[in-house]
file query.cif (mmCIF, C-alpha atoms)
data_protein
#
loop_
_atom_site.group_PDB
_atom_site.id
_atom_site.type_symbol
_atom_site.label_atom_id
_atom_site.label_comp_id
_atom_site.auth_asym_id
_atom_site.auth_seq_id
_atom_site.Cartn_x
_atom_site.Cartn_y
_atom_site.Cartn_z
ATOM 1 C CA MET A 1 6.195 -100.964 75.599
ATOM 2 C CA HIS A 2 4.640 -100.087 72.265
ATOM 3 C CA PRO A 3 1.918 -97.409 72.682
ATOM 4 C CA SER A 4 -0.776 -99.538 70.976
ATOM 5 C CA ILE A 5 -0.106 -102.506 73.294
ATOM 6 C CA GLU A 6 -0.109 -100.218 76.326
ATOM 7 C CA ARG A 7 -3.397 -98.663 75.145
ATOM 8 C CA MET A 8 -4.949 -102.126 74.773
ATOM 9 C CA ILE A 9 -3.841 -103.059 78.300
ATOM 10 C CA GLY A 10 -5.182 -99.752 79.631
ATOM 11 C CA GLN A 11 -8.540 -100.306 77.960
ATOM 12 C CA THR A 12 -8.715 -103.859 79.323
ATOM 13 C CA LEU A 13 -8.044 -102.538 82.845
ATOM 14 C CA GLY A 14 -10.404 -99.591 82.348
ATOM 15 C CA SER A 15 -12.895 -100.489 85.049
ATOM 16 C CA ILE A 16 -10.269 -101.477 87.621
ATOM 17 C CA ARG A 17 -9.522 -98.572 89.983
ATOM 18 C CA ALA A 18 -7.987 -98.471 93.461
ATOM 19 C CA GLY A 19 -10.746 -96.130 94.612
ATOM 20 C CA ASP A 20 -10.964 -93.417 97.246
ATOM 21 C CA ARG A 21 -11.225 -95.735 100.249
ATOM 22 C CA TYR A 22 -7.460 -95.829 100.866
ATOM 23 C CA LEU A 23 -6.708 -92.173 100.214
ATOM 24 C CA ALA A 24 -4.981 -90.476 103.150
ATOM 25 C CA TRP A 25 -8.036 -88.196 103.161
ATOM 26 C CA ASN A 26 -10.222 -91.115 104.256
ATOM 27 C CA SER A 27 -7.817 -92.493 106.866
ATOM 28 C CA PRO A 28 -9.158 -93.002 110.396
ATOM 29 C CA ALA A 29 -6.371 -90.605 111.476
ATOM 30 C CA LEU A 30 -8.237 -87.813 109.673
ATOM 31 C CA LEU A 31 -11.815 -88.589 110.654
ATOM 32 C CA ASN A 32 -13.577 -85.488 111.957
ATOM 33 C CA VAL A 33 -10.601 -83.241 111.107
ATOM 34 C CA PRO A 34 -11.950 -79.919 109.769
ATOM 35 C CA GLU A 35 -11.552 -79.188 106.065
ATOM 36 C CA SER A 36 -10.486 -75.610 106.766
ATOM 37 C CA ILE A 37 -7.373 -75.330 104.585
ATOM 38 C CA VAL A 38 -7.900 -74.087 101.034
ATOM 39 C CA LEU A 39 -5.328 -75.697 98.719
ATOM 40 C CA THR A 40 -4.824 -74.340 95.187
ATOM 41 C CA SER A 41 -2.238 -74.260 92.417
ATOM 42 C CA PRO A 42 -1.395 -71.468 89.979
ATOM 43 C CA ALA A 43 -0.655 -74.259 87.452
ATOM 44 C CA PHE A 44 -4.199 -75.683 87.213
ATOM 45 C CA ALA A 45 -7.676 -75.121 88.633
ATOM 46 C CA ALA A 46 -9.463 -77.657 90.808
ATOM 47 C CA ASN A 47 -10.827 -80.632 88.864
ATOM 48 C CA THR A 48 -9.065 -79.644 85.638
ATOM 49 C CA ALA A 49 -6.169 -81.184 83.735
ATOM 50 C CA ILE A 50 -2.687 -81.004 85.190
ATOM 51 C CA PRO A 51 -0.410 -79.531 82.491
ATOM 52 C CA LEU A 52 1.893 -81.939 80.657
ATOM 53 C CA ARG A 53 4.968 -80.256 82.162
ATOM 54 C CA TYR A 54 4.141 -81.827 85.555
ATOM 55 C CA ALA A 55 3.723 -85.387 84.230
ATOM 56 C CA ALA A 56 6.309 -88.103 84.880
ATOM 57 C CA ALA A 57 9.641 -88.249 83.079
ATOM 58 C CA GLY A 58 9.236 -89.563 79.553
ATOM 59 C CA ILE A 59 5.837 -87.883 79.294
ATOM 60 C CA GLY A 60 6.511 -84.502 80.869
ATOM 61 C CA GLU A 61 9.292 -82.867 82.848
ATOM 62 C CA ASN A 62 8.455 -84.497 86.218
ATOM 63 C CA ILE A 63 8.427 -81.116 87.960
ATOM 64 C CA SER A 64 6.128 -80.683 90.955
ATOM 65 C CA PRO A 65 3.552 -77.930 90.448
ATOM 66 C CA ALA A 66 3.530 -74.861 92.673
ATOM 67 C CA LEU A 67 0.970 -75.122 95.466
ATOM 68 C CA GLU A 68 -0.608 -72.405 97.614
ATOM 69 C CA TRP A 69 -2.807 -72.589 100.691
ATOM 70 C CA SER A 70 -4.588 -70.570 103.341
ATOM 71 C CA GLY A 71 -6.515 -71.348 106.507
ATOM 72 C CA VAL A 72 -3.790 -73.094 108.518
ATOM 73 C CA PRO A 73 -4.782 -72.819 112.193
ATOM 74 C CA ALA A 74 -2.458 -71.104 114.702
ATOM 75 C CA SER A 75 -2.127 -74.409 116.589
ATOM 76 C CA ALA A 76 -0.321 -76.054 113.643
ATOM 77 C CA ALA A 77 3.297 -77.083 114.258
ATOM 78 C CA GLU A 78 3.908 -78.775 110.914
ATOM 79 C CA LEU A 79 2.258 -79.432 107.556
ATOM 80 C CA VAL A 80 2.215 -82.727 105.668
ATOM 81 C CA LEU A 81 1.520 -83.044 101.938
ATOM 82 C CA VAL A 82 0.436 -86.203 100.116
ATOM 83 C CA MET A 83 -0.384 -86.664 96.418
ATOM 84 C CA GLN A 84 -2.200 -89.871 95.441
ATOM 85 C CA ASP A 85 -3.782 -91.423 92.342
ATOM 86 C CA PRO A 86 -6.938 -93.313 93.405
ATOM 87 C CA ASP A 87 -7.630 -94.339 89.798
ATOM 88 C CA ALA A 88 -4.574 -96.562 89.393
ATOM 89 C CA PRO A 89 -5.483 -100.175 88.474
ATOM 90 C CA LEU A 90 -4.036 -101.445 91.750
ATOM 91 C CA PRO A 91 -5.407 -102.468 95.157
ATOM 92 C CA ARG A 92 -4.427 -99.090 96.695
ATOM 93 C CA PRO A 93 -3.907 -95.567 95.348
ATOM 94 C CA ILE A 94 -0.388 -94.748 94.210
ATOM 95 C CA VAL A 95 1.486 -92.277 96.442
ATOM 96 C CA HIS A 96 3.188 -89.848 94.044
ATOM 97 C CA VAL A 97 4.695 -87.605 96.700
ATOM 98 C CA LEU A 98 4.891 -87.515 100.488
ATOM 99 C CA ALA A 99 6.392 -84.487 102.217
ATOM 100 C CA THR A 100 6.618 -83.718 105.927
ATOM 101 C CA GLY A 101 8.194 -80.946 107.955
ATOM 102 C CA ILE A 102 6.610 -78.127 105.963
ATOM 103 C CA PRO A 103 6.712 -75.082 108.263
ATOM 104 C CA PRO A 104 3.179 -73.990 109.249
ATOM 105 C CA GLN A 105 3.901 -70.335 108.495
ATOM 106 C CA TRP A 106 4.595 -71.123 104.837
ATOM 107 C CA GLU A 107 1.710 -70.373 102.495
ATOM 108 C CA SER A 108 3.075 -72.062 99.383
ATOM 109 C CA LEU A 109 5.571 -74.440 97.824
ATOM 110 C CA PRO A 110 7.342 -73.237 94.676
ATOM 111 C CA GLU A 111 7.323 -75.206 91.461
ATOM 112 C CA GLY A 112 9.838 -78.038 91.494
ATOM 113 C CA ILE A 113 10.623 -78.065 95.220
ATOM 114 C CA LEU A 114 9.184 -81.556 95.699
ATOM 115 C CA SER A 115 11.179 -82.883 92.736
ATOM 116 C CA ARG A 116 14.561 -82.509 94.379
ATOM 117 C CA SER A 117 16.357 -82.438 97.697
ATOM 118 C CA THR A 118 15.126 -79.540 99.790
ATOM 119 C CA ASP A 119 18.157 -79.335 102.092
ATOM 120 C CA GLY A 120 16.046 -80.078 105.149
ATOM 121 C CA ALA A 121 13.372 -77.410 104.684
ATOM 122 C CA VAL A 122 10.918 -80.120 103.636
ATOM 123 C CA ARG A 123 11.492 -83.821 104.295
ATOM 124 C CA LEU A 124 10.592 -86.116 101.412
ATOM 125 C CA GLY A 125 9.105 -89.481 102.312
ATOM 126 C CA ARG A 126 8.821 -92.605 100.195
ATOM 127 C CA GLY A 127 6.172 -92.980 97.531
ATOM 128 C CA SER A 128 4.500 -96.214 96.493
ATOM 129 C CA PHE A 129 7.541 -97.552 94.687
ATOM 130 C CA GLY A 130 10.077 -96.534 97.336
ATOM 131 C CA ARG A 131 11.112 -93.391 95.482
ATOM 132 C CA ARG A 132 11.656 -90.167 97.418
ATOM 133 C CA GLY A 133 10.371 -86.968 95.894
ATOM 134 C CA TYR A 134 7.768 -86.097 93.337
ATOM 135 C CA ALA A 135 6.701 -88.647 90.733
ATOM 136 C CA GLY A 136 4.381 -86.982 88.244
ATOM 137 C CA PRO A 137 1.254 -88.440 86.657
ATOM 138 C CA ARG A 138 1.869 -91.477 84.471
ATOM 139 C CA PRO A 139 -1.395 -93.390 84.044
ATOM 140 C CA VAL A 140 -1.488 -96.380 81.744
ATOM 141 C CA ARG A 141 -2.220 -95.197 78.205
ATOM 142 C CA GLY A 142 -5.877 -95.792 77.351
ATOM 143 C CA HIS A 143 -6.971 -96.293 80.994
ATOM 144 C CA GLY A 144 -8.949 -93.065 80.987
ATOM 145 C CA VAL A 145 -8.830 -89.973 83.157
ATOM 146 C CA HIS A 146 -7.006 -90.316 86.469
ATOM 147 C CA ARG A 147 -7.504 -88.013 89.443
ATOM 148 C CA TYR A 148 -4.471 -86.792 91.370
ATOM 149 C CA VAL A 149 -5.424 -85.799 94.905
ATOM 150 C CA PHE A 150 -3.112 -83.324 96.657
ATOM 151 C CA GLN A 151 -3.873 -83.427 100.394
ATOM 152 C CA ILE A 152 -2.413 -81.041 102.976
ATOM 153 C CA ILE A 153 -2.684 -81.800 106.677
ATOM 154 C CA ALA A 154 -1.824 -79.540 109.626
ATOM 155 C CA VAL A 155 -0.643 -81.286 112.796
ATOM 156 C CA ASP A 156 -0.261 -79.791 116.270
ATOM 157 C CA ARG A 157 3.187 -81.242 116.995
ATOM 158 C CA PRO A 158 6.301 -81.865 114.921
ATOM 159 C CA LEU A 159 6.509 -85.425 113.609
ATOM 160 C CA VAL A 160 9.394 -87.514 114.902
ATOM 161 C CA LEU A 161 10.448 -89.740 112.011
ATOM 162 C CA THR A 162 13.854 -91.394 112.042
ATOM 163 C CA ALA A 163 13.942 -92.468 108.399
ATOM 164 C CA PRO A 164 12.206 -91.319 105.223
ATOM 165 C CA PRO A 165 8.690 -92.531 106.040
ATOM 166 C CA ASP A 166 6.035 -94.185 103.945
ATOM 167 C CA LEU A 167 2.394 -93.098 104.058
ATOM 168 C CA ASP A 168 1.323 -95.657 106.688
ATOM 169 C CA THR A 169 4.056 -94.434 109.050
ATOM 170 C CA VAL A 170 3.008 -90.809 108.596
ATOM 171 C CA LEU A 171 -0.678 -91.578 109.127
ATOM 172 C CA THR A 172 0.158 -93.452 112.328
ATOM 173 C CA SER A 173 2.252 -90.493 113.515
ATOM 174 C CA ILE A 174 -0.457 -87.901 112.886
ATOM 175 C CA ALA A 175 -3.285 -89.868 114.517
ATOM 176 C CA GLY A 176 -4.792 -87.658 117.204
ATOM 177 C CA HIS A 177 -2.699 -84.668 116.143
ATOM 178 C CA ALA A 178 -4.260 -83.536 112.842
ATOM 179 C CA VAL A 179 -5.998 -80.183 113.328
ATOM 180 C CA ALA A 180 -6.958 -79.165 109.778
ATOM 181 C CA ARG A 181 -6.802 -80.388 106.213
ATOM 182 C CA GLY A 182 -7.456 -79.377 102.632
ATOM 183 C CA ARG A 183 -7.241 -80.925 99.182
ATOM 184 C CA LEU A 184 -6.915 -80.123 95.516
ATOM 185 C CA ILE A 185 -7.764 -82.541 92.719
ATOM 186 C CA GLY A 186 -6.207 -82.364 89.281
ATOM 187 C CA THR A 187 -6.681 -84.786 86.403
ATOM 188 C CA PHE A 188 -4.446 -86.352 83.776
ATOM 189 C CA GLU A 189 -5.042 -88.750 80.885
ATOM 190 C CA ARG A 190 -2.838 -90.422 78.320
ATOM 191 C CA PRO A 191 -4.718 -91.191 75.100
#

call {"tool": "encode", "arguments": {"input": "query.cif", "output": "structure tokens"}}
result
Amino acid sequence: MHPSIERMIGQTLGSIRAGDRYLAWNSPALLNVPESIVLTSPAFAANTAIPLRYAAAGIGENISPALEWSGVPASAAELVLVMQDPDAPLPRPIVHVLATGIPPQWESLPEGILSRSTDGAVRLGRGSFGRRGYAGPRPVRGHGVHRYVFQIIAVDRPLVLTAPPDLDTVLTSIAGHAVARGRLIGTFERP
């Protein structure tokens, strides 16, 4: 699509946003779960722009940023990571990455690990468009600043998932078993 047409569409859709209501963070499965995990990235500070390198293919390199965390409780058996865009002009936020099976003793994920097969160390679920693995920011040109919410959740038992799950399946599986959570918000805009 020609950039000027895409920009016009983005400007027309400017006020339409999925909103925070359907973020994993606001799921009933996570109500009253302590926000005791501190999630950060060496690639960008909280509430600042995600570097172009981490944007979707055709815009950036579609490489997942490195993430670091602390504050995982001793009762954690597994970590789950979700990245969503609540500013997409759709009924629900876009799921850009869903990863389960992250060992609770890990304190970070290296750059790029969510962009490729992890040989079983981390299981990649399905994003909003059925794709497994990281899908970097790609907001509609001219739609304004989008927030990308990285959410990490500690659960007290390993998840039993027979196929690459979607977000609804993961949230159902963690209900009653989430023991801590944390989040990091980065932004991205295409002029």

call {"tool": "atom_distance", "arguments": {"input": "query.cif", "atom1": "CA of Gly60 (chain A)", "atom2": "CA of Val82 (chain A)"}}
result
20.3 Å

call {"tool": "closest_residue", "arguments": {"input": "query.cif", "among": "A:Pro165, A:Pro34, A:Gly19, A:Pro65", "to": "His146 (chain A)", "atoms": "only C-alpha atoms"}}
result
A:Gly19

call {"tool": "atom_distance", "arguments": {"input": "query.cif", "atom1": "CA of Glu68 (chain A)", "atom2": "CA of Val38 (chain A)"}}
result
8.2 Å

call {"tool": "closest_residue", "arguments": {"input": "query.cif", "among": "A:Leu39, A:Val72, A:Ile113, A:Ile153", "to": "Leu171 (chain A)", "atoms": "all atoms listed in the file"}}
result
A:Ile153

call {"tool": "resolve_selection", "arguments": {"input": "query.cif", "expression": "the PyMOL selection byres ((chain A and resi 124) around 8)", "output": "MDAnalysis selection string"}}
result
chainID A and resid 97:100 114 117 122:123 125:126 132:133 164

call {"tool": "closest_residue", "arguments": {"input": "query.cif", "among": "A:Gly112, A:Ala24, A:Ile16, A:Val149", "to": "Thr169 (chain A)", "atoms": "all atoms listed in the file"}}
result
A:Ala24

call {"tool": "resolve_selection", "arguments": {"input": "query.cif", "expression": "the PyMOL selection byres ((chain A and resi 53) around 12)", "output": "list in words"}}
result
Ala43, Phe44, Ala49, Ile50, Pro51, Leu52, Tyr54, Ala55, Ala56, Ala57, Gly58, Ile59, Gly60, Glu61, Asn62, Ile63, Ser64, Pro65, Ala66, Glu111, Gly112, Gly136, Pro137, Arg138 and Phe188 of chain A

call {"tool": "atom_distance", "arguments": {"input": "query.cif", "atom1": "CA of Arg92 (chain A)", "atom2": "CA of Tyr22 (chain A)"}}
result
6.1 Å

call {"tool": "resolve_selection", "arguments": {"input": "query.cif", "expression": "the PyMOL selection byres ((chain A and resi 139) around 9)", "output": "ChimeraX atom specification"}}
result
/A:10,85,87-88,137-138,140-146,188-190

call {"tool": "closest_residue", "arguments": {"input": "query.cif", "among": "A:Gln151, A:Gln84, A:Ser75, A:Asn32", "to": "Ala18 (chain A)", "atoms": "all atoms listed in the file"}}
result
A:Gln84

call {"tool": "closest_residue", "arguments": {"input": "query.cif", "among": "A:Arg131, A:Arg116, A:Arg147, A:His177", "to": "Arg17 (chain A)", "atoms": "only C-alpha atoms"}}
result
A:Arg147
